[in-house]
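A.B. asks: Just model-v9.cif, nothing more (mmCIF, C-alpha atoms and all ligand atoms):
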```
data_data
loop_
_atom_site.label_atom_id
_atom_site.label_comp_id
_atom_site.auth_asym_id
_atom_site.auth_seq_id
_atom_site.Cartn_x
_atom_site.Cartn_y
_atom_site.Cartn_z
CA MET A 1 12.78 -12.89 -25.14
CA LYS A 2 14.69 -12.57 -21.86
CA SER A 3 13.71 -14.91 -19.06
CA GLN A 4 11.91 -13.32 -16.15
CA THR A 5 11.78 -14.31 -12.47
CA THR A 6 8.41 -15.71 -11.53
CA SER A 7 6.43 -16.07 -8.33
CA PRO A 8 5.65 -19.59 -6.97
CA ALA A 9 2.41 -19.50 -8.99
CA GLY A 10 4.31 -18.73 -12.18
CA VAL A 11 3.30 -15.06 -12.32
CA PRO A 12 6.14 -13.02 -13.84
CA LEU A 13 7.61 -10.69 -11.20
CA LEU A 14 8.00 -7.03 -11.98
CA GLU A 15 11.66 -6.41 -12.82
CA ASP A 16 12.33 -3.10 -11.14
CA ASP A 17 14.96 -2.74 -8.41
CA GLN A 18 13.33 0.40 -7.10
CA MET A 19 9.94 -1.27 -6.61
CA HIS A 20 10.66 -3.61 -3.69
CA SER A 21 6.99 -3.41 -2.68
CA ALA A 22 5.99 -5.16 -5.93
CA ARG A 23 7.84 -8.28 -4.81
CA VAL A 24 6.36 -7.96 -1.35
CA PHE A 25 2.90 -7.74 -2.89
CA ALA A 26 3.44 -10.91 -4.94
CA GLY A 27 4.98 -12.73 -1.97
CA TYR A 28 2.17 -11.75 0.38
CA GLN A 29 -0.40 -13.14 -2.02
CA HIS A 30 1.03 -16.59 -1.30
CA ALA A 31 1.76 -16.14 2.37
CA THR A 32 -1.35 -14.41 3.51
CA TRP A 33 -4.90 -15.48 4.32
CA GLU A 34 -8.42 -14.15 4.05
CA LEU A 35 -11.29 -14.02 6.51
CA HIS A 36 -12.94 -17.06 4.91
CA HIS A 37 -9.89 -19.16 5.83
CA ILE A 38 -10.75 -18.83 9.52
CA PRO A 39 -12.83 -21.82 10.74
CA TRP A 40 -15.63 -19.62 12.12
CA ASP A 41 -18.00 -22.60 12.48
CA ALA A 42 -15.60 -24.19 14.94
CA PHE A 43 -16.22 -21.39 17.48
CA ARG A 44 -16.56 -22.79 21.04
CA ALA A 45 -18.35 -20.39 23.40
CA ASP A 46 -17.69 -22.79 26.29
CA LEU A 47 -13.93 -22.30 25.89
CA VAL A 48 -14.01 -18.49 26.06
CA LEU A 49 -12.61 -17.14 29.33
CA PRO A 50 -13.30 -13.59 30.57
CA GLU A 51 -9.63 -12.72 30.08
CA HIS A 52 -9.90 -13.68 26.39
CA ILE A 53 -12.53 -10.96 25.97
CA VAL A 54 -10.23 -8.41 27.62
CA PHE A 55 -7.34 -9.61 25.45
CA ALA A 56 -9.40 -9.39 22.23
CA LYS A 57 -10.62 -5.89 23.07
CA GLY A 58 -7.03 -4.80 23.68
CA ALA A 59 -5.95 -6.35 20.37
CA ILE A 60 -8.78 -4.56 18.55
CA VAL A 61 -7.82 -1.20 20.03
CA GLY A 62 -4.20 -1.87 19.02
CA GLU A 63 -4.95 -3.09 15.50
CA SER A 64 -7.46 -0.31 14.81
CA ASN A 65 -4.53 2.11 14.90
CA VAL A 66 -3.77 0.97 11.37
CA VAL A 67 -5.57 3.89 9.74
CA ALA A 68 -3.71 6.47 11.82
CA ALA A 69 -0.43 4.66 11.25
CA THR A 70 -0.90 4.34 7.49
CA HIS A 71 -1.89 8.02 7.31
CA GLY A 72 1.22 8.97 9.31
CA LEU A 73 3.51 6.83 7.13
CA LEU A 74 2.05 8.22 3.90
CA ASN A 75 2.56 11.78 5.22
CA GLU A 76 6.09 11.16 6.37
CA PHE A 77 7.15 9.26 3.24
CA ALA A 78 5.31 11.41 0.72
CA MET A 79 8.49 11.50 -1.40
CA ASP A 80 8.90 7.70 -1.48
CA TYR A 81 6.50 5.92 -3.83
CA ASP A 82 7.82 2.42 -3.17
CA PHE A 83 7.60 2.60 0.62
CA SER A 84 4.20 4.30 0.40
CA GLN A 85 2.97 1.43 -1.74
CA PHE A 86 4.26 -1.01 0.88
CA ALA A 87 2.45 1.00 3.60
CA CYS A 88 -0.83 0.47 1.71
CA ILE A 89 -0.25 -3.29 1.37
CA TRP A 90 0.69 -3.49 5.05
CA GLY A 91 -2.35 -1.44 6.05
CA TYR A 92 -4.70 -3.81 4.23
CA GLN A 93 -3.37 -6.76 6.23
CA GLU A 94 -3.61 -4.88 9.54
CA ILE A 95 -7.22 -3.99 8.72
CA GLN A 96 -7.88 -7.71 8.36
CA HIS A 97 -6.44 -8.34 11.84
CA HIS A 98 -8.63 -5.62 13.28
CA LEU A 99 -11.80 -6.98 11.65
CA ALA A 100 -11.06 -10.64 12.43
CA PHE A 101 -10.72 -9.83 16.14
CA GLN A 102 -13.93 -7.74 15.98
CA ILE A 103 -15.87 -10.64 14.43
CA TRP A 104 -14.53 -13.07 17.02
CA LEU A 105 -15.54 -10.70 19.82
CA GLN A 106 -19.09 -10.54 18.47
CA LEU A 107 -19.25 -14.35 18.24
CA ALA A 108 -18.29 -14.34 21.91
CA GLY A 109 -21.24 -12.04 22.65
CA HIS A 110 -19.32 -8.77 23.13
CA SER A 111 -18.52 -5.74 21.02
CA ILE A 112 -16.62 -2.49 20.96
CA ALA A 113 -18.46 0.81 20.46
CA PHE A 114 -17.74 2.35 17.08
CA GLY A 115 -16.82 5.62 18.83
CA THR A 116 -13.92 3.87 20.55
CA THR A 117 -12.53 2.60 17.26
CA ALA A 118 -13.17 5.95 15.57
CA SER A 119 -11.16 7.75 18.28
CA MET A 120 -8.07 6.01 16.85
CA ARG A 121 -8.36 7.88 13.56
CA GLU A 122 -6.01 10.83 14.08
CA ALA A 123 -2.77 10.41 12.12
CA TYR A 124 0.45 9.72 13.98
CA PRO A 125 2.89 12.62 14.13
CA PRO A 126 6.20 12.18 12.29
CA GLY A 127 9.09 10.57 14.18
CA VAL A 128 12.33 12.35 15.07
CA THR A 129 13.78 10.90 11.87
CA ARG A 130 12.30 8.70 9.15
CA ALA A 131 14.62 5.87 10.21
CA ALA A 132 13.29 6.19 13.79
CA THR A 133 9.72 5.91 12.52
CA LEU A 134 10.58 2.75 10.59
CA ALA A 135 12.49 1.32 13.55
CA THR A 136 9.47 1.94 15.79
CA ASN A 137 7.43 -0.14 13.37
CA VAL A 138 10.02 -2.93 13.48
CA ILE A 139 9.58 -3.03 17.27
CA CYS A 140 5.76 -3.00 17.01
CA GLU A 141 5.77 -5.89 14.55
CA VAL A 142 8.25 -8.04 16.47
CA LEU A 143 6.33 -7.54 19.71
CA ALA A 144 3.01 -8.38 18.03
CA THR A 145 4.52 -11.49 16.39
CA HIS A 146 5.58 -12.96 19.72
CA ALA A 147 2.53 -11.81 21.70
CA TYR A 148 0.16 -13.45 19.20
CA ARG A 149 2.29 -16.59 18.89
CA SER A 150 2.46 -17.05 22.64
CA VAL A 151 -1.26 -16.48 23.21
CA ALA A 152 -2.13 -18.73 20.23
CA ARG A 153 -0.15 -21.57 21.81
CA SER A 154 -2.07 -21.32 25.07
CA MET A 155 -5.49 -20.67 23.49
CA HIS A 156 -8.06 -23.48 23.66
CA GLU A 157 -10.79 -21.58 21.78
CA PRO A 158 -10.04 -22.72 18.20
CA VAL A 159 -11.22 -19.67 16.25
CA LEU A 160 -9.24 -17.14 18.27
CA ALA A 161 -6.25 -19.50 18.15
CA ALA A 162 -6.50 -19.64 14.33
CA ILE A 163 -6.71 -15.84 13.99
CA LEU A 164 -3.73 -15.38 16.30
CA LYS A 165 -1.61 -17.92 14.45
CA LYS A 166 -2.29 -16.33 11.07
CA ALA A 167 -1.87 -12.75 12.35
CA SER A 168 1.42 -13.69 14.02
CA GLY A 169 2.79 -14.90 10.67
CA ASP A 170 1.77 -11.60 9.05
CA GLU A 171 3.43 -9.55 11.80
CA ALA A 172 6.72 -11.45 11.37
CA ARG A 173 6.63 -10.75 7.61
CA HIS A 174 5.84 -7.09 8.29
CA ALA A 175 8.84 -6.83 10.64
CA ARG A 176 11.15 -8.13 7.88
CA GLU A 177 9.95 -5.49 5.44
CA PHE A 178 10.21 -2.63 7.93
CA VAL A 179 13.79 -3.82 8.55
CA HIS A 180 14.40 -3.69 4.80
CA TYR A 181 13.13 -0.11 4.55
CA THR A 182 14.99 0.99 7.72
CA ALA A 183 18.22 -0.38 6.21
CA GLN A 184 17.51 1.46 2.97
CA GLN A 185 16.86 4.70 4.86
CA LEU A 186 20.10 4.32 6.85
CA ALA A 187 22.06 3.62 3.67
CA GLU A 188 20.84 6.97 2.34
CA ARG A 189 21.06 8.79 5.69
CA PRO A 190 23.65 7.14 7.97
CA GLU A 191 23.39 10.15 10.30
CA GLU A 192 20.00 8.77 11.43
CA ARG A 193 21.64 5.67 12.96
CA ALA A 194 21.75 7.16 16.47
CA SER A 195 18.00 7.78 16.35
CA VAL A 196 17.43 4.09 15.52
CA LEU A 197 19.46 3.01 18.57
CA GLU A 198 17.61 5.55 20.71
CA THR A 199 14.27 4.19 19.48
CA LEU A 200 15.20 0.72 20.67
CA TYR A 201 16.29 2.13 24.01
CA ILE A 202 13.20 4.31 24.46
CA TYR A 203 10.79 1.40 23.98
CA MET A 204 12.73 -1.57 25.32
CA GLY A 205 15.29 0.04 27.63
CA THR A 206 14.04 -0.81 31.09
CA THR A 207 12.38 -3.76 32.77
CA ARG A 208 9.38 -1.44 33.27
CA ASP A 209 8.90 -1.80 29.52
CA MET A 210 8.59 -5.58 29.50
CA TYR A 211 5.44 -6.79 27.80
CA ARG A 212 4.59 -3.28 26.62
CA HIS A 213 3.92 -2.01 23.10
CA PRO A 214 4.86 1.39 21.62
CA VAL A 215 1.22 2.08 20.69
CA SER A 216 0.38 2.44 24.40
CA ARG A 217 2.77 5.43 24.58
CA PHE A 218 1.08 7.19 21.69
CA LYS A 219 -2.57 6.44 22.18
CA GLY A 220 -2.87 5.17 25.75
CA ASN A 221 -4.09 8.51 27.11
CA LEU A 222 -7.00 9.16 24.74
CA PRO A 223 -10.09 10.22 26.77
CA GLU A 224 -12.17 7.71 24.76
CA LEU A 225 -10.00 4.92 26.18
CA GLU A 226 -10.52 5.85 29.81
CA ASN A 227 -11.71 2.71 31.62
CA HIS A 228 -11.48 0.81 28.32
CA GLU A 229 -9.22 -2.09 27.49
CA THR A 230 -6.13 -1.00 25.55
CA ILE A 231 -3.11 -2.69 24.06
CA ASP A 232 -1.71 -2.72 27.62
CA GLU A 233 -4.30 -5.36 28.60
CA MET A 234 -3.43 -7.36 25.52
CA PHE A 235 0.22 -7.36 26.52
CA ALA A 236 -0.63 -8.09 30.15
CA TYR A 237 -2.28 -11.29 28.93
CA PHE A 238 0.82 -12.13 26.88
CA ALA A 239 2.83 -11.74 30.10
CA LYS A 240 0.41 -14.02 31.94
CA VAL A 241 0.56 -16.88 29.44
CA ASP A 242 4.31 -16.57 28.86
CA VAL A 243 4.90 -18.22 32.23
CA SER A 244 8.55 -19.12 31.66
CA GLY A 245 9.32 -15.83 29.92
CA SER A 246 10.75 -17.77 26.97
CA GLU A 247 8.65 -16.02 24.32
CA TRP A 248 9.60 -12.60 25.67
CA ALA A 249 13.26 -13.70 25.59
CA LYS A 250 12.86 -14.75 21.92
CA CYS A 251 11.22 -11.43 21.16
CA CYS A 252 14.16 -9.48 22.64
CA GLU A 253 16.65 -11.77 20.87
CA GLN A 254 14.97 -11.06 17.52
CA LEU A 255 14.97 -7.33 18.18
CA PHE A 256 18.67 -7.31 19.09
CA LYS A 257 19.41 -9.32 15.94
CA TYR A 258 17.52 -6.93 13.68
CA PHE A 259 18.96 -3.81 15.31
CA SER A 260 22.51 -5.24 15.21
CA THR A 261 22.15 -5.78 11.47
CA LEU A 262 20.66 -2.32 11.00
CA THR A 263 23.18 -0.34 13.03
CA GLY A 264 26.38 -2.37 12.69
CA TYR A 265 26.77 -2.64 16.48
CA LYS A 266 26.78 -6.01 18.24
CA LEU A 267 23.72 -5.71 20.46
CA THR A 268 22.77 -8.55 22.78
CA LYS A 269 21.60 -6.61 25.85
CA MET A 270 20.44 -3.13 26.73
CA SER A 271 23.84 -2.06 28.08
CA ASP A 272 25.18 -2.67 24.53
CA VAL A 273 22.54 -0.29 23.22
CA ARG A 274 23.46 2.37 25.80
CA ARG A 275 27.12 2.00 24.88
CA ALA A 276 26.34 2.24 21.17
CA ILE A 277 24.35 5.43 21.74
CA ALA A 278 27.27 6.89 23.72
CA THR A 279 29.64 5.91 20.91
CA GLU A 280 27.43 7.60 18.34
CA GLU A 281 27.23 10.70 20.52
CA SER A 282 30.98 10.89 21.00
CA GLY A 283 31.55 10.19 17.33
CA THR A 284 34.09 7.47 18.07
CA GLU A 285 34.60 4.42 15.93
CA LYS A 286 31.72 1.98 16.10
CA ALA A 287 32.31 -1.59 17.13
CA SER A 288 32.02 -4.04 14.33
CA VAL A 289 29.53 -6.90 14.43
FE FE A 301 -1.62 -6.69 13.14
FE FE A 302 1.84 -6.00 11.44
#
```
Would you mind giving the structure from this file in structure tokens?
Ligand SMILES: [Fe+2]
Ligand SMILES: [Fe+2]
C.D. replies:
Amino acid sequence: MKSQTTSPAGVPLLEDDQMHSARVFAGYQHATWELHHIPWDAFRADLVLPEHIVFAKGAIVGESNVVAATHGLLNEFAMDYDFSQFACIWGYQEIQHHLAFQIWLQLAGHSIAFGTTASMREAYPPGVTRAATLATNVICEVLATHAYRSVARSMHEPVLAAILKKASGDEARHAREFVHYTAQQLAERPEERASVLETLYIYMGTTRDMYRHPVSRFKGNLPELENHETIDEMFAYFAKVDVSGSEWAKCCEQLFKYFSTLTGYKLTKMSDVRRAIATEESGTEKASV
């Protein structure tokens, strides 16, 4: 009998190079958490500040996009079983983020109307290319990783701090997998590379876009969200607690690292991205990393 790779718990891993999501599934079972791991009994109402309520509502509105996003990904990748399976695994974890924040908000004596959450249902439209869609998700995950990490560090309310710490770890793992699938897409369709660079520039290109998340571009104008907290408020709180700007700097550094690996261009600042886009457009030789 041939020896088989096993997971840390000794479960044999599925040997199938085309089923990357099977390894992700097994890996996530060790890395992830469940609602009962949150120390709900440790909740401290006296440590909840009004801006935490605004932040949590913004996070809920952002995380509740998971259904629309999963629907969009399954539509756009209908021909790709492995990625679609990953999208389902990813969606399950994002649902947990959404519900954990909702429970915390109720403990704090607030809630979000179901109609607000339900207004997030409509599927996302397809991106300009499949690689651009995946790259957008890389950006979303990296931004969420650092936003949650930064707010967790400053958070005195222990339950919200615990949720943020755990969710941040999930978002970082999600980013890695979206990078994997973007790389795979570009290996099959290198002509989509320019759209990946443009995606980075569209969302991160100007200082106006600091502490902003792509979801606010897609869903920020829904009538149901008028006068309601959105992901913009969540990111505004990230900006407030990231006093030195060091977490935002780390976030940008991580994005440049991922997008350098993905595109083959050495990207350390936005002018590099602009130059890379111009190079792609003119069809000249790309710089090597
Ligand atoms: Fe999330
Ligand atoms: Fe995520």
A.B. asks: Counting all atoms listed in the file, which protein, DNA or RNA residues come within 7 Å of ligand FE 302 (chain A), given as a list in words?
C.D. replies: Trp90, Glu94, Glu141, Asp170, Glu171 and His174 of chain A
A.B. asks: Using only C-alpha atoms, which residues sit within 8 Å of A:His20 once same-chain residues fewer than 4 positions away are excluded, as number ranges by chain?
C.D. replies: A: 16, 24, 82
A.B. asks: Which residue out of A:Phe86, A:Tyr258, A:Phe178, A:Tyr148 has the minimum interatomic distance to ligand FE 301 (chain A) when only C-alpha atoms and all ligand atoms are used?
C.D. replies: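 Of A:Phe86, A:Tyr258, A:Phe178, A:Tyr148, the one nearest ligand FE 301 (chain A) is A:Tyr148, counting only C-alpha atoms and all ligand atoms.
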A.B. asks: With ligand FE 301 (chain A) as the partner and 10 Å as the cut-off, tabulate the residues of chain A that qualify, each row holding the nearest pair of atoms and their distance in Å to one decimal, using all atoms listed in the file, sorted by chain and rising number, as JSON lines.
C.D. replies:
```
{"residue": "A:Ala59", "atom": "CA", "partner": "A:FE301", "partner_atom": "FE", "distance": 8.4}
{"residue": "A:Ile60", "atom": "CA", "partner": "A:FE301", "partner_atom": "FE", "distance": 9.2}
{"residue": "A:Gly62", "atom": "CA", "partner": "A:FE301", "partner_atom": "FE", "distance": 8.0}
{"residue": "A:Glu63", "atom": "CA", "partner": "A:FE301", "partner_atom": "FE", "distance": 5.4}
{"residue": "A:Ser64", "atom": "CA", "partner": "A:FE301", "partner_atom": "FE", "distance": 8.8}
{"residue": "A:Asn65", "atom": "CA", "partner": "A:FE301", "partner_atom": "FE", "distance": 9.4}
{"residue": "A:Val66", "atom": "CA", "partner": "A:FE301", "partner_atom": "FE", "distance": 8.2}
{"residue": "A:Trp90", "atom": "CA", "partner": "A:FE301", "partner_atom": "FE", "distance": 9.0}
{"residue": "A:Gly91", "atom": "CA", "partner": "A:FE301", "partner_atom": "FE", "distance": 8.9}
{"residue": "A:Tyr92", "atom": "CA", "partner": "A:FE301", "partner_atom": "FE", "distance": 9.9}
{"residue": "A:Gln93", "atom": "CA", "partner": "A:FE301", "partner_atom": "FE", "distance": 7.1}
{"residue": "A:Glu94", "atom": "CA", "partner": "A:FE301", "partner_atom": "FE", "distance": 4.5}
{"residue": "A:Ile95", "atom": "CA", "partner": "A:FE301", "partner_atom": "FE", "distance": 7.6}
{"residue": "A:Gln96", "atom": "CA", "partner": "A:FE301", "partner_atom": "FE", "distance": 7.9}
{"residue": "A:His97", "atom": "CA", "partner": "A:FE301", "partner_atom": "FE", "distance": 5.3}
{"residue": "A:His98", "atom": "CA", "partner": "A:FE301", "partner_atom": "FE", "distance": 7.1}
{"residue": "A:Cys140", "atom": "CA", "partner": "A:FE301", "partner_atom": "FE", "distance": 9.1}
{"residue": "A:Glu141", "atom": "CA", "partner": "A:FE301", "partner_atom": "FE", "distance": 7.6}
{"residue": "A:Ala144", "atom": "CA", "partner": "A:FE301", "partner_atom": "FE", "distance": 6.9}
{"residue": "A:Thr145", "atom": "CA", "partner": "A:FE301", "partner_atom": "FE", "distance": 8.4}
{"residue": "A:Tyr148", "atom": "CA", "partner": "A:FE301", "partner_atom": "FE", "distance": 9.3}
{"residue": "A:Leu164", "atom": "CA", "partner": "A:FE301", "partner_atom": "FE", "distance": 9.5}
{"residue": "A:Lys166", "atom": "CA", "partner": "A:FE301", "partner_atom": "FE", "distance": 9.9}
{"residue": "A:Ala167", "atom": "CA", "partner": "A:FE301", "partner_atom": "FE", "distance": 6.1}
{"residue": "A:Ser168", "atom": "CA", "partner": "A:FE301", "partner_atom": "FE", "distance": 7.7}
{"residue": "A:Gly169", "atom": "CA", "partner": "A:FE301", "partner_atom": "FE", "distance": 9.6}
{"residue": "A:Asp170", "atom": "CA", "partner": "A:FE301", "partner_atom": "FE", "distance": 7.2}
{"residue": "A:Glu171", "atom": "CA", "partner": "A:FE301", "partner_atom": "FE", "distance": 6.0}
{"residue": "A:Ala172", "atom": "CA", "partner": "A:FE301", "partner_atom": "FE", "distance": 9.8}
{"residue": "A:His174", "atom": "CA", "partner": "A:FE301", "partner_atom": "FE", "distance": 8.9}
```
A.B. asks: Would you please work out which residue, of A:Thr136, A:Arg130, A:Leu186, A:Ser111, is nearest to A:Tyr201 when using only C-alpha atoms?
C.D. replies: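 Of A:Thr136, A:Arg130, A:Leu186, A:Ser111, the one nearest A:Tyr201, counting only C-alpha atoms, is A:Thr136.
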A.B. asks: Where does stretch 99-216 of chain A meet stretch 35-43 of chain A within 8 Å, residue by residue, with the nearest atom pair and distance in Å to one decimal for each, counting all atoms listed in the file, listed by chain and rising number, as a tab-separated table?
C.D. replies:
```
residue	atom	partner	partner_atom	distance
A:Ala100	CA	A:Leu35	CA	6.8
A:Leu107	CA	A:Phe43	CA	7.7
A:Glu157	CA	A:Phe43	CA	6.9
A:Pro158	CA	A:Phe43	CA	6.4
A:Val159	CA	A:Phe43	CA	5.4
A:Ala162	CA	A:Ile38	CA	6.5
A:Ile163	CA	A:Ile38	CA	6.7
```
A.B. asks: What does the structure give for the distance between atom CA of A:Ile139 and atom CA of A:Glu253, in Å to one decimal?
C.D. replies: 11.8 Å
A.B. asks: Please list as a list of chain:residue names every residue within 12 Å of A:Ala113, counting only C-alpha atoms and excluding residues in the same chain fewer than 5 positions away.
C.D. replies: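 Close residues of A:Ala113: A:Lys57, A:Ile60, A:Val61, A:Gln102, A:Leu105, A:Gln106, A:Ala118, A:Ser119, A:Glu224, A:Leu225, A:His228, A:Glu229.
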A.B. asks: Counting all atoms listed in the file, what is within 7 Å of stretch 233-244 of chain A, bar same-chain residues fewer than 5 positions away, as number ranges by chain?
C.D. replies: A: 54-55, 58-59, 147, 150-151, 154, 211-212
A.B. asks: For the atom pair atom CA of A:Cys88 and atom CA of A:Trp33, what is the interatomic distance in Å to one decimal place?
C.D. replies: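 Computing it gives 16.7 Å between the two atoms.
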A.B. asks: Would you mind listing what lies within 9 Å of stretch 259-262 of chain A as a PyMOL selection string, with all atoms listed in the file counted and same-chain residues fewer than 2 positions away left out?
C.D. replies: chain A and resi 135+179-180+182-183+186+193+196-197+200+254-257+264-268+289
A.B. asks: How far is it from atom CA of A:Ala22 to atom CA of A:Ile89, in Å with one decimal?
C.D. replies: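 Value for the atom CA of A:Ala22-atom CA of A:Ile89 distance: 9.8 Å.
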A.B. asks: Please give the centre and size of the box around stretch 101-116 of chain A (axis-aligned, containing every atom listed in the file, 5 Å added per side), with values in Å to one decimal and written as JSON.
C.D. replies:
```
{"center_x": -16.0, "center_y": -4.4, "center_z": 18.8, "size_x": 20.5, "size_y": 30.0, "size_z": 18.7}
```
A.B. asks: Neighbouring residues of A:Tyr124 were defined as those with any atom within 9 Å, considering only C-alpha atoms; residues of the same chain fewer than 4 positions away were excluded. Please report them as a count of residues only.
C.D. replies: 7
A.B. asks: Would you please work out which residue, of A:Pro126, A:Tyr81, A:Glu188, A:Met270, is nearest to A:Gln18 when using all atoms listed in the file?
C.D. replies: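 Of A:Pro126, A:Tyr81, A:Glu188, A:Met270, the one nearest A:Gln18 is A:Tyr81, counting all atoms listed in the file.
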A.B. asks: Since the input has fewer atoms than a full residue there, write stretch 138-163 of chain A out with N, CA and C atoms, as a PDB file, in the frame of the given file.
C.D. replies:
```pdb
ATOM      1  N   VAL A 138       9.359  -1.625  13.323  1.00  0.00           N
ATOM      2  CA  VAL A 138      10.020  -2.930  13.480  1.00  0.00           C
ATOM      3  C   VAL A 138       9.701  -3.470  14.872  1.00  0.00           C
ATOM      4  N   ILE A 139       9.830  -2.608  15.880  1.00  0.00           N
ATOM      5  CA  ILE A 139       9.580  -3.030  17.270  1.00  0.00           C
ATOM      6  C   ILE A 139       8.117  -3.474  17.424  1.00  0.00           C
ATOM      7  N   CYS A 140       7.192  -2.660  16.907  1.00  0.00           N
ATOM      8  CA  CYS A 140       5.760  -3.000  17.010  1.00  0.00           C
ATOM      9  C   CYS A 140       5.482  -4.376  16.418  1.00  0.00           C
ATOM     10  N   GLU A 141       6.054  -4.633  15.249  1.00  0.00           N
ATOM     11  CA  GLU A 141       5.770  -5.890  14.550  1.00  0.00           C
ATOM     12  C   GLU A 141       6.378  -7.088  15.263  1.00  0.00           C
ATOM     13  N   VAL A 142       7.602  -6.923  15.760  1.00  0.00           N
ATOM     14  CA  VAL A 142       8.250  -8.040  16.470  1.00  0.00           C
ATOM     15  C   VAL A 142       7.480  -8.359  17.751  1.00  0.00           C
ATOM     16  N   LEU A 143       7.092  -7.318  18.484  1.00  0.00           N
ATOM     17  CA  LEU A 143       6.330  -7.540  19.710  1.00  0.00           C
ATOM     18  C   LEU A 143       5.005  -8.240  19.417  1.00  0.00           C
ATOM     19  N   ALA A 144       4.305  -7.779  18.369  1.00  0.00           N
ATOM     20  CA  ALA A 144       3.010  -8.380  18.030  1.00  0.00           C
ATOM     21  C   ALA A 144       3.188  -9.835  17.593  1.00  0.00           C
ATOM     22  N   THR A 145       4.240 -10.114  16.829  1.00  0.00           N
ATOM     23  CA  THR A 145       4.520 -11.490  16.390  1.00  0.00           C
ATOM     24  C   THR A 145       4.572 -12.435  17.580  1.00  0.00           C
ATOM     25  N   HIS A 146       5.367 -12.061  18.586  1.00  0.00           N
ATOM     26  CA  HIS A 146       5.580 -12.960  19.720  1.00  0.00           C
ATOM     27  C   HIS A 146       4.394 -12.991  20.669  1.00  0.00           C
ATOM     28  N   ALA A 147       3.724 -11.839  20.835  1.00  0.00           N
ATOM     29  CA  ALA A 147       2.530 -11.810  21.700  1.00  0.00           C
ATOM     30  C   ALA A 147       1.473 -12.750  21.122  1.00  0.00           C
ATOM     31  N   TYR A 148       1.199 -12.626  19.831  1.00  0.00           N
ATOM     32  CA  TYR A 148       0.160 -13.450  19.200  1.00  0.00           C
ATOM     33  C   TYR A 148       0.559 -14.933  19.212  1.00  0.00           C
ATOM     34  N   ARG A 149       1.837 -15.183  18.935  1.00  0.00           N
ATOM     35  CA  ARG A 149       2.290 -16.590  18.890  1.00  0.00           C
ATOM     36  C   ARG A 149       2.121 -17.238  20.257  1.00  0.00           C
ATOM     37  N   SER A 150       2.522 -16.506  21.284  1.00  0.00           N
ATOM     38  CA  SER A 150       2.460 -17.050  22.640  1.00  0.00           C
ATOM     39  C   SER A 150       1.012 -17.298  23.071  1.00  0.00           C
ATOM     40  N   VAL A 151       0.139 -16.323  22.807  1.00  0.00           N
ATOM     41  CA  VAL A 151      -1.260 -16.480  23.210  1.00  0.00           C
ATOM     42  C   VAL A 151      -1.925 -17.578  22.371  1.00  0.00           C
ATOM     43  N   ALA A 152      -1.568 -17.681  21.096  1.00  0.00           N
ATOM     44  CA  ALA A 152      -2.130 -18.730  20.230  1.00  0.00           C
ATOM     45  C   ALA A 152      -1.822 -20.114  20.803  1.00  0.00           C
ATOM     46  N   ARG A 153      -0.582 -20.279  21.275  1.00  0.00           N
ATOM     47  CA  ARG A 153      -0.150 -21.570  21.810  1.00  0.00           C
ATOM     48  C   ARG A 153      -0.965 -21.977  23.030  1.00  0.00           C
ATOM     49  N   SER A 154      -1.353 -20.986  23.829  1.00  0.00           N
ATOM     50  CA  SER A 154      -2.070 -21.320  25.070  1.00  0.00           C
ATOM     51  C   SER A 154      -3.586 -21.319  24.888  1.00  0.00           C
ATOM     52  N   MET A 155      -4.059 -20.911  23.708  1.00  0.00           N
ATOM     53  CA  MET A 155      -5.490 -20.670  23.490  1.00  0.00           C
ATOM     54  C   MET A 155      -6.238 -21.966  23.151  1.00  0.00           C
ATOM     55  N   HIS A 156      -7.262 -22.283  23.936  1.00  0.00           N
ATOM     56  CA  HIS A 156      -8.060 -23.480  23.660  1.00  0.00           C
ATOM     57  C   HIS A 156      -9.221 -23.185  22.724  1.00  0.00           C
ATOM     58  N   GLU A 157      -9.677 -21.925  22.678  1.00  0.00           N
ATOM     59  CA  GLU A 157     -10.790 -21.580  21.780  1.00  0.00           C
ATOM     60  C   GLU A 157     -10.226 -21.594  20.349  1.00  0.00           C
ATOM     61  N   PRO A 158     -10.725 -22.491  19.489  1.00  0.00           N
ATOM     62  CA  PRO A 158     -10.040 -22.720  18.200  1.00  0.00           C
ATOM     63  C   PRO A 158     -10.088 -21.552  17.213  1.00  0.00           C
ATOM     64  N   VAL A 159     -11.147 -20.758  17.227  1.00  0.00           N
ATOM     65  CA  VAL A 159     -11.220 -19.670  16.250  1.00  0.00           C
ATOM     66  C   VAL A 159     -10.228 -18.565  16.599  1.00  0.00           C
ATOM     67  N   LEU A 160     -10.207 -18.182  17.865  1.00  0.00           N
ATOM     68  CA  LEU A 160      -9.240 -17.140  18.270  1.00  0.00           C
ATOM     69  C   LEU A 160      -7.808 -17.659  18.064  1.00  0.00           C
ATOM     70  N   ALA A 161      -7.594 -18.932  18.356  1.00  0.00           N
ATOM     71  CA  ALA A 161      -6.250 -19.500  18.150  1.00  0.00           C
ATOM     72  C   ALA A 161      -5.848 -19.405  16.677  1.00  0.00           C
ATOM     73  N   ALA A 162      -6.812 -19.687  15.771  1.00  0.00           N
ATOM     74  CA  ALA A 162      -6.500 -19.640  14.330  1.00  0.00           C
ATOM     75  C   ALA A 162      -6.181 -18.214  13.884  1.00  0.00           C
ATOM     76  N   ILE A 163      -6.972 -17.254  14.358  1.00  0.00           N
ATOM     77  CA  ILE A 163      -6.710 -15.840  13.990  1.00  0.00           C
ATOM     78  C   ILE A 163      -5.319 -15.436  14.475  1.00  0.00           C
TER      79      ILE A 163
END
```
